[in-house]
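Undergrad: First, the structure itself, so that you have it in front of you.
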Amino acid sequence: MSEQGYNREYFSSYETKGRIFKNARGRRWHQSAYWMRFLSRHFAPTASVLEVGCGLGYFSQVVSRKFRYIGTDIAWFPLHTSRSRNEPADLIQCDAARLTFRQESFDVVFAFDLLEHIPQPRLAISEMYRVLRKNGRLIATTPNIRSLGNRIKAGSKVLTPSMYTDKTHVSLLSPEEWSGLFLDAGFEIARAGADTLWDIPYSTKVPPALQKMVLIPFNWCVSYLFGSLPWTLGENLVFICKK
């Protein structure tokens, strides 16, 4: 995995605010709120948290206030941006497939929207297993090639799933393939599911604004309350793996 391409232009869309819901795309407050509750339920405030692929630092801003947090990214630009808005967080530049930490250093590892960017995700998953302590958790999300949205757009000449428009997405696998990689690394899959339909538009006949008014609040509610749904048709797969 190379840092080439992960520059200001690449991350500009994450800073873009929606026209209807004035929220930056990368600031997933609903997702952060759920995982903070998850951490508080299962781990003491002394727990150590690693986020691999921390990007612009939206999640690090939340976690580092309450837990011992380290964030990593392969690219300099997102780390520089994250440091400018979140000085207390400990941020390190390194490759997910070669984490610069000793084995069993962390209680929790987060990998949001990361694995699809890695040519050999097996190596990164093995590294995450290595740095986790016994009974630690890996929380990972990645695009779902079998989402309902993909099926809806399959016959369209104008609608393309966003997972296929990002040239840095080099590992798009099925739910079964991802599960196999986690199990092969030694993990137990404690929970597997998916989020909802947020890759709007899904139809050219319904105004995108109307689709957003219906689907985005639903996605926020699901993410905030449950983290994911026990189904396989959402746009992102969500895995909770135990060492």
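Chain identifiers are assigned as A, B, and so on, following the order in which chains appear in the structure tokens; residues are numbered from 1 within each chain, and ligands are numbered from 1 in order of appearance.
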I need the residues of region 71-112 of chain A that end up classed as strand (DSSP E or B) by DSSP on the backbone, written out as a ChimeraX atom specification.

TA: /A:71-73,90-93,106-112

Undergrad: List every residue of region 114-134 of chain A that has an atom at most 12 Å from any atom of region 79-95 of chain A, and for each one report the closest atom pair and its distance in Å to one decimal, counting only C-alpha atoms, with rows sorted by chain and then by increasing residue number, as JSON lines.

TA:
{"residue": "A:Leu114", "atom": "CA", "partner": "A:Asp95", "partner_atom": "CA", "distance": 11.3}
{"residue": "A:Leu115", "atom": "CA", "partner": "A:Asp95", "partner_atom": "CA", "distance": 11.8}
{"residue": "A:His117", "atom": "CA", "partner": "A:Asp95", "partner_atom": "CA", "distance": 11.4}
{"residue": "A:Ile118", "atom": "CA", "partner": "A:Asp95", "partner_atom": "CA", "distance": 9.6}
{"residue": "A:Pro119", "atom": "CA", "partner": "A:Asp95", "partner_atom": "CA", "distance": 11.8}
{"residue": "A:Gln120", "atom": "CA", "partner": "A:Asp95", "partner_atom": "CA", "distance": 11.7}
{"residue": "A:Pro121", "atom": "CA", "partner": "A:Asp95", "partner_atom": "CA", "distance": 11.5}
{"residue": "A:Leu123", "atom": "CA", "partner": "A:Asp95", "partner_atom": "CA", "distance": 10.5}
{"residue": "A:Ala124", "atom": "CA", "partner": "A:Asp95", "partner_atom": "CA", "distance": 8.5}
{"residue": "A:Glu127", "atom": "CA", "partner": "A:Asp95", "partner_atom": "CA", "distance": 10.2}
{"residue": "A:Met128", "atom": "CA", "partner": "A:Asp95", "partner_atom": "CA", "distance": 11.6}

Undergrad: Would you save the residues of that selection, restricted to N, CA and C atoms, as a short mmCIF file (atom, residue, chain, number, x, y, z; two decimals), in the first residue's frame?

TA:
data_model
loop_
_atom_site.label_atom_id
_atom_site.label_comp_id
_atom_site.auth_asym_id
_atom_site.auth_seq_id
_atom_site.Cartn_x
_atom_site.Cartn_y
_atom_site.Cartn_z
N LEU A 114 -11.07 0.89 5.56
CA LEU A 114 -9.63 0.77 5.32
C LEU A 114 -9.25 -0.40 4.44
N LEU A 115 -9.78 -1.58 4.73
CA LEU A 115 -9.29 -2.81 4.11
C LEU A 115 -9.43 -2.83 2.60
N HIS A 117 -8.71 -0.59 0.65
CA HIS A 117 -7.61 0.18 0.07
C HIS A 117 -6.30 -0.61 0.04
N ILE A 118 -6.28 -1.80 0.61
CA ILE A 118 -5.04 -2.54 0.79
C ILE A 118 -4.96 -3.69 -0.21
N PRO A 119 -3.90 -3.74 -1.02
CA PRO A 119 -3.78 -4.81 -2.02
C PRO A 119 -3.79 -6.22 -1.41
N GLN A 120 -3.19 -6.37 -0.25
CA GLN A 120 -3.15 -7.66 0.43
C GLN A 120 -3.74 -7.50 1.84
N PRO A 121 -5.06 -7.43 1.93
CA PRO A 121 -5.68 -7.20 3.24
C PRO A 121 -5.38 -8.29 4.26
N LEU A 123 -2.56 -9.43 5.08
CA LEU A 123 -1.40 -9.00 5.86
C LEU A 123 -1.81 -8.00 6.93
N ALA A 124 -2.68 -7.05 6.56
CA ALA A 124 -3.12 -6.05 7.52
C ALA A 124 -3.95 -6.67 8.63
N GLU A 127 -1.69 -8.33 11.03
CA GLU A 127 -1.02 -7.35 11.87
C GLU A 127 -1.94 -6.85 12.98
N MET A 128 -3.19 -6.63 12.66
CA MET A 128 -4.14 -6.19 13.68
C MET A 128 -4.33 -7.26 14.74
#

Undergrad: Determine, counting only C-alpha atoms, which protein, DNA and RNA residues have an atom within 6 Å of an atom of Ser105 (chain A); residues of the same chain fewer than 3 positions away are not included. Present the result as an NGL selection string.

TA: :A and (102 or 131-132)

Undergrad: Just write the chosen residues, C-alpha atoms, as an mmCIF file, in the first residue's frame.

TA:
data_model
loop_
_atom_site.group_PDB
_atom_site.id
_atom_site.type_symbol
_atom_site.label_atom_id
_atom_site.label_comp_id
_atom_site.auth_asym_id
_atom_site.auth_seq_id
_atom_site.Cartn_x
_atom_site.Cartn_y
_atom_site.Cartn_z
ATOM 1 C CA ARG A 102 4.814 -4.628 19.668
ATOM 2 C CA VAL A 131 -1.052 -6.092 18.101
ATOM 3 C CA LEU A 132 -4.299 -6.960 19.901
#

Undergrad: Record the distance separating CA of Ile152 (chain A) and CA of Arg27 (chain A), expressed in Å with one decimal.

TA: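 So the answer is 27.1 Å.
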
Undergrad: Select, from A:Ala97, A:Leu237, A:Leu229, A:Ala75, the residue with the minimum atom-to-atom distance to Arg146 (chain A), counting only C-alpha atoms.

TA: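 Using only C-alpha atoms, the shortest distance to Arg146 (chain A) belongs to A:Leu237.
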
Undergrad: Please provide as JSON, numbers by chain all residues within 12 Å of Val214 (chain A), with the sequence filter that same-chain residues fewer than 5 positions apart are discarded (counting only C-alpha atoms).

TA: {"A": [20, 21, 196, 197, 198, 200, 201, 206, 207, 208, 209, 219, 220, 221]}

Undergrad: Restricted to C-alpha atoms, what would the selected residues look like written as an mmCIF file, in the first residue's frame?

TA:
data_model
loop_
_atom_site.group_PDB
_atom_site.id
_atom_site.type_symbol
_atom_site.label_atom_id
_atom_site.label_comp_id
_atom_site.auth_asym_id
_atom_site.auth_seq_id
_atom_site.Cartn_x
_atom_site.Cartn_y
_atom_site.Cartn_z
ATOM 1 C CA ILE A 20 -29.840 19.266 3.107
ATOM 2 C CA PHE A 21 -28.051 17.946 6.178
ATOM 3 C CA THR A 196 -28.154 0.687 5.448
ATOM 4 C CA LEU A 197 -28.678 2.310 2.032
ATOM 5 C CA TRP A 198 -26.859 5.651 1.879
ATOM 6 C CA ILE A 200 -27.742 7.897 -3.114
ATOM 7 C CA PRO A 201 -29.139 8.135 -5.793
ATOM 8 C CA VAL A 206 -37.109 10.086 -7.633
ATOM 9 C CA PRO A 207 -35.354 13.399 -6.827
ATOM 10 C CA PRO A 208 -32.056 12.747 -4.993
ATOM 11 C CA ALA A 209 -33.065 15.302 -2.333
ATOM 12 C CA ASN A 219 -29.015 5.400 8.309
ATOM 13 C CA TRP A 220 -28.141 7.833 11.096
ATOM 14 C CA CYS A 221 -30.658 6.225 13.459
#

Undergrad: Return the single residue from A:Leu172, A:Leu50, A:Leu99, A:Val108 that is closest to Arg133 (chain A), with distances computed using only C-alpha atoms.

TA: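 Among A:Leu172, A:Leu50, A:Leu99, A:Val108, it is A:Val108 that comes nearest to Arg133 (chain A).
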
Undergrad: Residues within 9 Å of Thr168 (chain A), please, as a PyMOL selection string. Count only C-alpha atoms; anything in the same chain fewer than 3 positions from it doesn't count.

TA: chain A and resi 5-6+116-118+165+171

Undergrad: Would you please give, as a list in words, all residues of region 136-204 of chain A that DSSP assigns to alpha helix (DSSP H) based on the backbone?

TA: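 Taking region 136-204 of chain A and keeping alpha helix (DSSP H) gives Leu148, Gly149, Asn150, Arg151, Ile152, Lys153, Pro175, Glu176, Glu177, Trp178, Ser179, Gly180, Leu181, Phe182, Leu183, Asp184 and Ala185 of chain A.
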
Undergrad: For the selection you just gave me, I'd like the residues written to a file as a PDB file, in the first residue's frame, keeping N, CA and C atoms.

TA:
ATOM      1  N   LEU A 148     -27.784  -4.283  -1.449  1.00  0.00           N
ATOM      2  CA  LEU A 148     -29.014  -4.091  -2.209  1.00  0.00           C
ATOM      3  C   LEU A 148     -28.837  -2.962  -3.215  1.00  0.00           C
ATOM      4  N   GLY A 149     -28.085  -1.933  -2.822  1.00  0.00           N
ATOM      5  CA  GLY A 149     -27.825  -0.823  -3.725  1.00  0.00           C
ATOM      6  C   GLY A 149     -27.105  -1.261  -4.980  1.00  0.00           C
ATOM      7  N   ASN A 150     -26.113  -2.144  -4.834  1.00  0.00           N
ATOM      8  CA  ASN A 150     -25.408  -2.661  -6.002  1.00  0.00           C
ATOM      9  C   ASN A 150     -26.356  -3.405  -6.937  1.00  0.00           C
ATOM     10  N   ARG A 151     -27.273  -4.153  -6.349  1.00  0.00           N
ATOM     11  CA  ARG A 151     -28.230  -4.912  -7.164  1.00  0.00           C
ATOM     12  C   ARG A 151     -29.182  -3.977  -7.894  1.00  0.00           C
ATOM     13  N   ILE A 152     -29.606  -2.925  -7.210  1.00  0.00           N
ATOM     14  CA  ILE A 152     -30.526  -1.970  -7.837  1.00  0.00           C
ATOM     15  C   ILE A 152     -29.849  -1.265  -9.010  1.00  0.00           C
ATOM     16  N   LYS A 153     -28.571  -0.923  -8.837  1.00  0.00           N
ATOM     17  CA  LYS A 153     -27.868  -0.161  -9.867  1.00  0.00           C
ATOM     18  C   LYS A 153     -27.248  -1.024 -10.964  1.00  0.00           C
ATOM     19  N   PRO A 175     -18.834 -10.873   1.443  1.00  0.00           N
ATOM     20  CA  PRO A 175     -18.881 -11.071   2.900  1.00  0.00           C
ATOM     21  C   PRO A 175     -18.203 -12.366   3.333  1.00  0.00           C
ATOM     22  N   GLU A 176     -18.376 -13.422   2.541  1.00  0.00           N
ATOM     23  CA  GLU A 176     -17.767 -14.705   2.888  1.00  0.00           C
ATOM     24  C   GLU A 176     -16.243 -14.643   2.807  1.00  0.00           C
ATOM     25  N   GLU A 177     -15.732 -13.931   1.810  1.00  0.00           N
ATOM     26  CA  GLU A 177     -14.277 -13.795   1.683  1.00  0.00           C
ATOM     27  C   GLU A 177     -13.687 -13.015   2.850  1.00  0.00           C
ATOM     28  N   TRP A 178     -14.355 -11.927   3.241  1.00  0.00           N
ATOM     29  CA  TRP A 178     -13.859 -11.169   4.392  1.00  0.00           C
ATOM     30  C   TRP A 178     -13.898 -12.015   5.660  1.00  0.00           C
ATOM     31  N   SER A 179     -15.003 -12.714   5.866  1.00  0.00           N
ATOM     32  CA  SER A 179     -15.112 -13.577   7.049  1.00  0.00           C
ATOM     33  C   SER A 179     -13.989 -14.599   7.066  1.00  0.00           C
ATOM     34  N   GLY A 180     -13.668 -15.169   5.902  1.00  0.00           N
ATOM     35  CA  GLY A 180     -12.597 -16.150   5.818  1.00  0.00           C
ATOM     36  C   GLY A 180     -11.252 -15.570   6.203  1.00  0.00           C
ATOM     37  N   LEU A 181     -10.994 -14.330   5.801  1.00  0.00           N
ATOM     38  CA  LEU A 181      -9.719 -13.693   6.145  1.00  0.00           C
ATOM     39  C   LEU A 181      -9.602 -13.455   7.648  1.00  0.00           C
ATOM     40  N   PHE A 182     -10.705 -13.034   8.269  1.00  0.00           N
ATOM     41  CA  PHE A 182     -10.673 -12.821   9.723  1.00  0.00           C
ATOM     42  C   PHE A 182     -10.449 -14.141  10.458  1.00  0.00           C
ATOM     43  N   LEU A 183     -11.152 -15.177  10.030  1.00  0.00           N
ATOM     44  CA  LEU A 183     -11.011 -16.481  10.685  1.00  0.00           C
ATOM     45  C   LEU A 183      -9.616 -17.060  10.466  1.00  0.00           C
ATOM     46  N   ASP A 184      -9.083 -16.914   9.269  1.00  0.00           N
ATOM     47  CA  ASP A 184      -7.741 -17.433   8.981  1.00  0.00           C
ATOM     48  C   ASP A 184      -6.678 -16.758   9.842  1.00  0.00           C
ATOM     49  N   ALA A 185      -6.904 -15.482  10.182  1.00  0.00           N
ATOM     50  CA  ALA A 185      -5.941 -14.750  11.014  1.00  0.00           C
ATOM     51  C   ALA A 185      -5.996 -15.192  12.468  1.00  0.00           C
TER      52      ALA A 185
END

Undergrad: Within 9 Å of Phe11 (chain A), counting only C-alpha atoms, which residues qualify if same-chain residues fewer than 5 places away don't, as a short mmCIF file (atom, residue, chain, number, x, y, z; two decimals) with N, CA and C atoms, in the first residue's frame?

TA:
data_model
loop_
_atom_site.label_atom_id
_atom_site.label_comp_id
_atom_site.auth_asym_id
_atom_site.auth_seq_id
_atom_site.Cartn_x
_atom_site.Cartn_y
_atom_site.Cartn_z
N TYR A 6 -3.46 9.79 -1.75
CA TYR A 6 -4.22 10.20 -0.57
C TYR A 6 -3.82 11.62 -0.18
N GLY A 26 -17.28 13.22 6.21
CA GLY A 26 -16.41 12.38 7.05
C GLY A 26 -16.73 12.42 8.53
N GLY A 55 -7.38 8.65 8.88
CA GLY A 55 -7.83 9.70 7.97
C GLY A 55 -7.72 11.09 8.56
N LEU A 56 -8.78 11.87 8.41
CA LEU A 56 -8.77 13.27 8.83
C LEU A 56 -8.97 13.46 10.33
N PHE A 77 -0.74 13.71 4.44
CA PHE A 77 -1.73 14.78 4.43
C PHE A 77 -2.83 14.59 5.47
N PRO A 78 -3.52 13.44 5.54
CA PRO A 78 -4.58 13.31 6.56
C PRO A 78 -4.04 13.40 7.98
#

Undergrad: Point out the residue among A:His169, A:Gln211, A:Cys54, A:His42 with the least atom-to-atom distance to Trp76 (chain A), counting only C-alpha atoms.

TA: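 Closest candidate: A:Cys54.
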